[in-house]
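I have placed the structure first, in the form of structure tokens, so that the comments after it can refer back to it.
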Amino acid sequence: MSTAKPQMALPILITLSILLSLITIPATGEHHNFVKSLDRKSLRIGREKISHFRVYWHDILSGPSPTSVMIVKPSSNISTSAFGLIRMIDNPLTEGPDVKSKLLGRAQGFYGSAAQENISLLMSMNFAFCEGKYNGSTITVMGRNEVFDKVREMPVIGGSGLFRFARGYVRASTHTFDLKTGDAVVMYNVYVMHY
């Protein structure tokens, strides 16, 4: 009989433990839901607006201070497209096509050659602004860039600061490209909806 009591006590102890936890959770107010609705006013979300920016993106591979550096070499057996190449960038975004024109921000991220048969890049970058009321705000661009097309369109997938909840697109067109150095200046027209 002494062995039967511990065997019966275990199920009773488990049942009491479960009942006690069910009683104390409502009493303490603790719950484990990880999602809750927020009031739009608490996020300071008002009327949505659309903004258009034109910036010049300077991809500098040459000289003593390149803004674009190779982090992965392309596949050696596919020389026509540089498939597999990945470059990390911290490119100036300027008001005009001259790199010495007013600095508006920096394009920070990476791009990689993602096609085997043509030169098509996967772009992933933040336009981090440093000018005026947009100082500290970012726009995130991620998409396909077929560099020899006259105009390429890529989506804006988000942002921060004044561009929270941003969505939109960019249209990129090459302003200059130096075949010898690989340096490029690309005009970006940015159309972004934000609050």
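Here, A, B, ... name the chains of the structure tokens in the order displayed, residue numbers run from 1 inside each chain, and ligands are numbered from 1 in the same displayed order.
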
message: With only C-alpha atoms as the counted atoms, please give the residues lying no more than 8 Å from Met123 (chain A), apart from itself and same-chain residues fewer than 2 positions off, as an MDAnalysis selection string.
response: chainID A and resid 110:112 121 125 141:145

Kindly export the residues of the current selection with N, CA and C atoms, as a compact mmCIF listing (two decimals), in the first residue's frame.
```txt
# COMPACT_ATOMS: atom_id res chain seq x y z
N PHE A 110 24.47 46.25 -50.88
CA PHE A 110 25.28 45.43 -51.78
C PHE A 110 24.52 45.18 -53.07
N TYR A 111 25.27 44.77 -54.08
CA TYR A 111 24.64 44.27 -55.30
C TYR A 111 25.44 43.07 -55.78
N GLY A 112 24.75 42.19 -56.46
CA GLY A 112 25.39 40.99 -56.96
C GLY A 112 24.89 40.65 -58.34
N LEU A 121 21.66 42.63 -62.13
CA LEU A 121 22.08 42.67 -60.73
C LEU A 121 20.89 42.53 -59.79
N MET A 125 19.76 47.83 -51.03
CA MET A 125 20.45 49.00 -50.46
C MET A 125 19.47 49.93 -49.76
N VAL A 141 15.61 49.95 -50.97
CA VAL A 141 15.37 49.52 -52.35
C VAL A 141 15.90 48.11 -52.51
N MET A 142 15.10 47.25 -53.11
CA MET A 142 15.57 45.89 -53.37
C MET A 142 14.90 45.39 -54.64
N GLY A 143 15.72 44.96 -55.61
CA GLY A 143 15.12 44.47 -56.85
C GLY A 143 16.15 44.14 -57.91
N ARG A 144 15.63 43.84 -59.09
CA ARG A 144 16.43 43.44 -60.25
C ARG A 144 16.81 44.67 -61.06
N ASN A 145 18.08 44.73 -61.44
CA ASN A 145 18.60 45.86 -62.21
C ASN A 145 19.36 45.31 -63.42
```

task: Give me every strand (DSSP E) residue in region 43-160 of chain A, going by DSSP on the backbone, as a ChimeraX atom specification.
output: /A:49-59,68-72,86-94,103-113,120-129,138-146,152-160

query: Hey, which of A:Ile14, A:Glu95, A:Thr176, A:Arg167 ends up closest to Glu48 (chain A)? Count only C-alpha atoms.
result: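 Nearest candidate to Glu48 (chain A) out of A:Ile14, A:Glu95, A:Thr176, A:Arg167: A:Arg167.
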
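Across the model, the gap from CA of Asp98 (chain A) to CA of Ser62 (chain A) is 15.9 Å.
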